[in-house]
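S.K.: Take this structure first; my questions come after.
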Amino acid sequence: MPHELAPTLRERWLAVRDGLESAIRAAGRASDEVLLVAVSKFHPADAIRELAALGQRDFGENYMQEARAKQAELAKSPFCPDVRWHAIGALQTNKARDAAGHFALVHSVDSLKLAEALARRMPEGRRQDILLQVNVGEEPQKAGVSPSGLAQLAEQVENVEGVRLIGLMCLPPRCGEGEAARPWFVRMRELRDSLEPRLGRRLPHLSMGMSGDYRQAVEEGATLVRVGTDIFGPRPPRPEI
Ligand SMILES: *Cc1c(COP(=O)(O)O)cnc(C)c1O
């Protein structure tokens, strides 16, 4: 990475940390209730290494090949043991083998087939933590289970050994647009709240909010915010791997 970019990345990260902290406080919540996932897709491993050295632990990646290449590269770095990886992109069932066991959390499970594919790839006795991605605005171009199909999918996934469902994720209409996204965050919280009695247990996590609307997401109950541009700056073109 060019040397003069280094302070910018640090400053951006610090600014997001500050913004997140004040949103958490304003919402009357505790700092440890919300995890900042730095979305590093298309950004080089060096940028991840630099943030990891500053204390950023959680990184989100969308594309398996790119993610696994960065994981391999960072495995050589002294900060790597502290890094937790999140798979946040649409995942084809045939790519599940690349994801299972290599991410602390897979945010984007939206079918029983995908949950089963992940489970099959997990070593004996281990379970992959997952979220169900909800297409909360029922937009045809977006991945995710529809709100009306969520309860059934959750009940099916409950019976899959090898995965552990711990919450929901969304990429709502008008995401990144501040207040415009808020009603969808409210809807997600309601969906989660109505699912819990059906499953007979808590679903602790809501992954929602990105650059431009993470404050609103935090106010509506997000426990994981996925922030890319505000931390790393504009995304470069997708790398050739
Ligand atoms: C890229 C991406 C983000 C981050 O978006 P920014 O606007 O850069 O903060 C968050 N969530 C998902 C699912 C993404 O693909």
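Every chain in the structure tokens takes a letter, A first, then B, and so on in the order presented; its residues are numbered from 1, and the ligands are numbered from 1 following the presented order.
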Could you pull out all residues of stretch 11-229 of chain A with a DSSP call of strand (DSSP E) and give them as a PyMOL selection string?
M.R.: chain A and resi 35-39+58-61+84-87+105-109+128-134+163-170+205-207+224-227
S.K.: Ligand 1: which residues are within 6 Å, counting only C-alpha atoms and all ligand atoms? Reply as a tab-separated table (two decimals) with N, CA and C atoms, in the first residue's frame.
M.R.:
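Saved result, result-v8.tsv, follows:
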chain	number	residue	atom	x	y	z
A	39	VAL	N	-15.64	-4.33	6.37
A	39	VAL	CA	-15.86	-5.05	5.11
A	39	VAL	C	-14.71	-4.74	4.15
A	88	ILE	N	-19.99	-12.60	4.13
A	88	ILE	CA	-21.20	-11.76	4.08
A	88	ILE	C	-21.84	-11.74	2.71
A	89	GLY	N	-21.22	-12.40	1.72
A	89	GLY	CA	-21.74	-12.32	0.36
A	89	GLY	C	-22.61	-13.51	-0.01
A	210	MET	N	-24.61	-0.45	7.44
A	210	MET	CA	-23.35	-0.34	6.72
A	210	MET	C	-22.96	1.13	6.70
A	211	SER	N	-21.99	1.50	5.85
A	211	SER	CA	-21.65	2.92	5.75
A	211	SER	C	-22.94	3.68	5.41
A	226	ARG	N	-21.79	-3.89	9.39
A	226	ARG	CA	-20.82	-4.25	8.34
A	226	ARG	C	-20.43	-2.99	7.57
A	227	VAL	N	-19.28	-2.44	7.89
A	227	VAL	CA	-18.91	-1.14	7.34
A	227	VAL	C	-17.68	-1.28	6.44
A	228	GLY	N	-17.83	-0.91	5.18
A	228	GLY	CA	-16.72	-0.97	4.23
A	228	GLY	C	-16.19	0.41	3.89
A	229	THR	N	-16.91	1.13	3.05
A	229	THR	CA	-16.44	2.39	2.48
A	229	THR	C	-16.02	3.42	3.53
S.K.: Please indicate the distance in Å from atom CA of A:Gly178 to atom CA of A:Leu91, rounded to one decimal place.
M.R.: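 Straight-line distance from atom CA of A:Gly178 to atom CA of A:Leu91 works out to 26.9 Å.
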S.K.: What are the nearest atom pairs, with distances in Å to one decimal, for all residues of stretch 78-119 of chain A that come at most 12 Å from stretch 202-208 of chain A, using only C-alpha atoms, set out by chain and rising residue number as JSON lines?
M.R.:
{"residue": "A:His86", "atom": "CA", "partner": "A:Ser207", "partner_atom": "CA", "distance": 10.9}
{"residue": "A:Ala87", "atom": "CA", "partner": "A:Ser207", "partner_atom": "CA", "distance": 11.7}
{"residue": "A:Ile88", "atom": "CA", "partner": "A:Ser207", "partner_atom": "CA", "distance": 9.6}
{"residue": "A:Leu105", "atom": "CA", "partner": "A:Ser207", "partner_atom": "CA", "distance": 10.7}
{"residue": "A:Val106", "atom": "CA", "partner": "A:Ser207", "partner_atom": "CA", "distance": 10.7}
{"residue": "A:His107", "atom": "CA", "partner": "A:Ser207", "partner_atom": "CA", "distance": 7.5}
{"residue": "A:Ser108", "atom": "CA", "partner": "A:Ser207", "partner_atom": "CA", "distance": 9.9}
S.K.: Can you list every residue in stretch 55-198 of chain A that DSSP puts in helix (DSSP H, G or I), as a PyMOL selection string?
M.R.: chain A and resi 64-74+80-82+93-99+112-121+147-158+178-198
S.K.: Write out as an NGL selection string the residues lying within 8 Å of stretch 114-129 of chain A, counting only C-alpha atoms and excluding same-chain residues fewer than 6 positions away.
M.R.: :A and (91-94 or 96-97 or 99-101 or 104-106 or 157 or 160-166)
S.K.: Would you work out the distance separating atom CA of A:Gly176 from atom CA of A:Ile24, expressed in Å to one decimal?
M.R.: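 Calculated distance between atom CA of A:Gly176 and atom CA of A:Ile24 is 17.8 Å.
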S.K.: Show me, as an mmCIF file with N, CA and C atoms, in the first residue's frame, the residues that have an atom within 10 Å of A:Trp85 when counting only C-alpha atoms, minus same-chain residues fewer than 2 positions from it.
M.R.:
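Result file is out_5.cif:
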data_model
loop_
_atom_site.group_PDB
_atom_site.id
_atom_site.type_symbol
_atom_site.label_atom_id
_atom_site.label_comp_id
_atom_site.auth_asym_id
_atom_site.auth_seq_id
_atom_site.Cartn_x
_atom_site.Cartn_y
_atom_site.Cartn_z
ATOM 1 N N VAL A 37 -17.807 -4.997 12.021
ATOM 2 C CA VAL A 37 -17.204 -5.856 11.004
ATOM 3 C C VAL A 37 -16.702 -4.953 9.880
ATOM 4 N N ALA A 38 -15.394 -4.919 9.695
ATOM 5 C CA ALA A 38 -14.804 -4.094 8.635
ATOM 6 C C ALA A 38 -14.872 -4.872 7.323
ATOM 7 N N VAL A 39 -15.643 -4.334 6.373
ATOM 8 C CA VAL A 39 -15.857 -5.049 5.112
ATOM 9 C C VAL A 39 -14.709 -4.738 4.150
ATOM 10 N N ARG A 57 -10.653 -6.503 14.885
ATOM 11 C CA ARG A 57 -10.587 -7.969 14.887
ATOM 12 C C ARG A 57 -11.417 -8.632 13.804
ATOM 13 N N ASP A 58 -12.547 -7.996 13.448
ATOM 14 C CA ASP A 58 -13.515 -8.672 12.588
ATOM 15 C C ASP A 58 -13.513 -8.091 11.184
ATOM 16 N N PHE A 59 -13.406 -8.969 10.196
ATOM 17 C CA PHE A 59 -13.366 -8.552 8.803
ATOM 18 C C PHE A 59 -14.387 -9.336 7.986
ATOM 19 N N GLY A 60 -15.083 -8.621 7.099
ATOM 20 C CA GLY A 60 -16.107 -9.249 6.264
ATOM 21 C C GLY A 60 -15.659 -9.318 4.822
ATOM 22 N N GLU A 61 -15.881 -10.458 4.212
ATOM 23 C CA GLU A 61 -15.531 -10.664 2.808
ATOM 24 C C GLU A 61 -16.715 -11.272 2.068
ATOM 25 N N ALA A 67 -11.371 -14.118 -0.377
ATOM 26 C CA ALA A 67 -11.260 -14.243 1.081
ATOM 27 C C ALA A 67 -10.225 -15.283 1.474
ATOM 28 N N ARG A 68 -10.291 -16.437 0.820
ATOM 29 C CA ARG A 68 -9.355 -17.511 1.186
ATOM 30 C C ARG A 68 -7.920 -17.123 0.847
ATOM 31 N N GLN A 71 -6.858 -14.823 3.609
ATOM 32 C CA GLN A 71 -6.647 -15.592 4.841
ATOM 33 C C GLN A 71 -5.290 -16.280 4.804
ATOM 34 N N ASP A 82 -5.616 -13.206 15.898
ATOM 35 C CA ASP A 82 -6.691 -12.420 16.479
ATOM 36 C C ASP A 82 -7.819 -12.100 15.507
ATOM 37 N N VAL A 83 -7.581 -12.310 14.230
ATOM 38 C CA VAL A 83 -8.571 -11.892 13.234
ATOM 39 C C VAL A 83 -9.710 -12.900 13.134
ATOM 40 N N ALA A 87 -18.201 -14.233 6.484
ATOM 41 C CA ALA A 87 -18.638 -14.383 5.089
ATOM 42 C C ALA A 87 -19.971 -13.661 4.964
ATOM 43 N N ILE A 88 -19.987 -12.603 4.133
ATOM 44 C CA ILE A 88 -21.200 -11.764 4.085
ATOM 45 C C ILE A 88 -21.839 -11.737 2.710
ATOM 46 N N HIS A 102 -14.116 -21.951 7.906
ATOM 47 C CA HIS A 102 -13.089 -20.930 7.682
ATOM 48 C C HIS A 102 -13.548 -19.530 8.059
ATOM 49 N N PHE A 103 -14.764 -19.423 8.558
ATOM 50 C CA PHE A 103 -15.305 -18.124 8.966
ATOM 51 C C PHE A 103 -15.927 -18.262 10.350
ATOM 52 N N ALA A 104 -15.718 -17.247 11.166
ATOM 53 C CA ALA A 104 -16.346 -17.254 12.478
ATOM 54 C C ALA A 104 -17.862 -17.266 12.329
ATOM 55 N N LEU A 105 -18.336 -16.589 11.278
ATOM 56 C CA LEU A 105 -19.780 -16.472 11.079
ATOM 57 C C LEU A 105 -20.078 -16.329 9.586
ATOM 58 N N VAL A 106 -21.051 -17.105 9.121
ATOM 59 C CA VAL A 106 -21.549 -16.946 7.749
ATOM 60 C C VAL A 106 -22.885 -16.210 7.844
#
S.K.: Please, what distance in Å, to one decimal, runs between atom CA of A:Glu179 and atom CA of A:Leu36?
M.R.: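 Computing it gives 19.8 Å between the two atoms.
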S.K.: Hey, what's within 12 Å of A:Glu66 if we count only C-alpha atoms and toss same-chain stuff fewer than 6 positions away? As a count of residues only, please?
M.R.: 17
S.K.: Point out the residue among A:Ala69, A:Asp230, A:Pro236, A:Met188 with the least atom-to-atom distance to A:Arg10, counting only C-alpha atoms.
M.R.: A:Asp230
S.K.: From the options A:Cys175, A:Leu191, A:Ala217, A:Leu168, which residue's atoms come nearest to A:Gln133, counting only C-alpha atoms?
M.R.: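 Of A:Cys175, A:Leu191, A:Ala217, A:Leu168, the one nearest A:Gln133, counting only C-alpha atoms, is A:Leu168.
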S.K.: Using only C-alpha atoms for the distances, tell me which of A:Arg29, A:Arg12, A:Lys76, A:Arg198 is nearest to A:Glu219.
M.R.: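 Residue with the minimum atom-to-atom distance to A:Glu219: A:Arg29.
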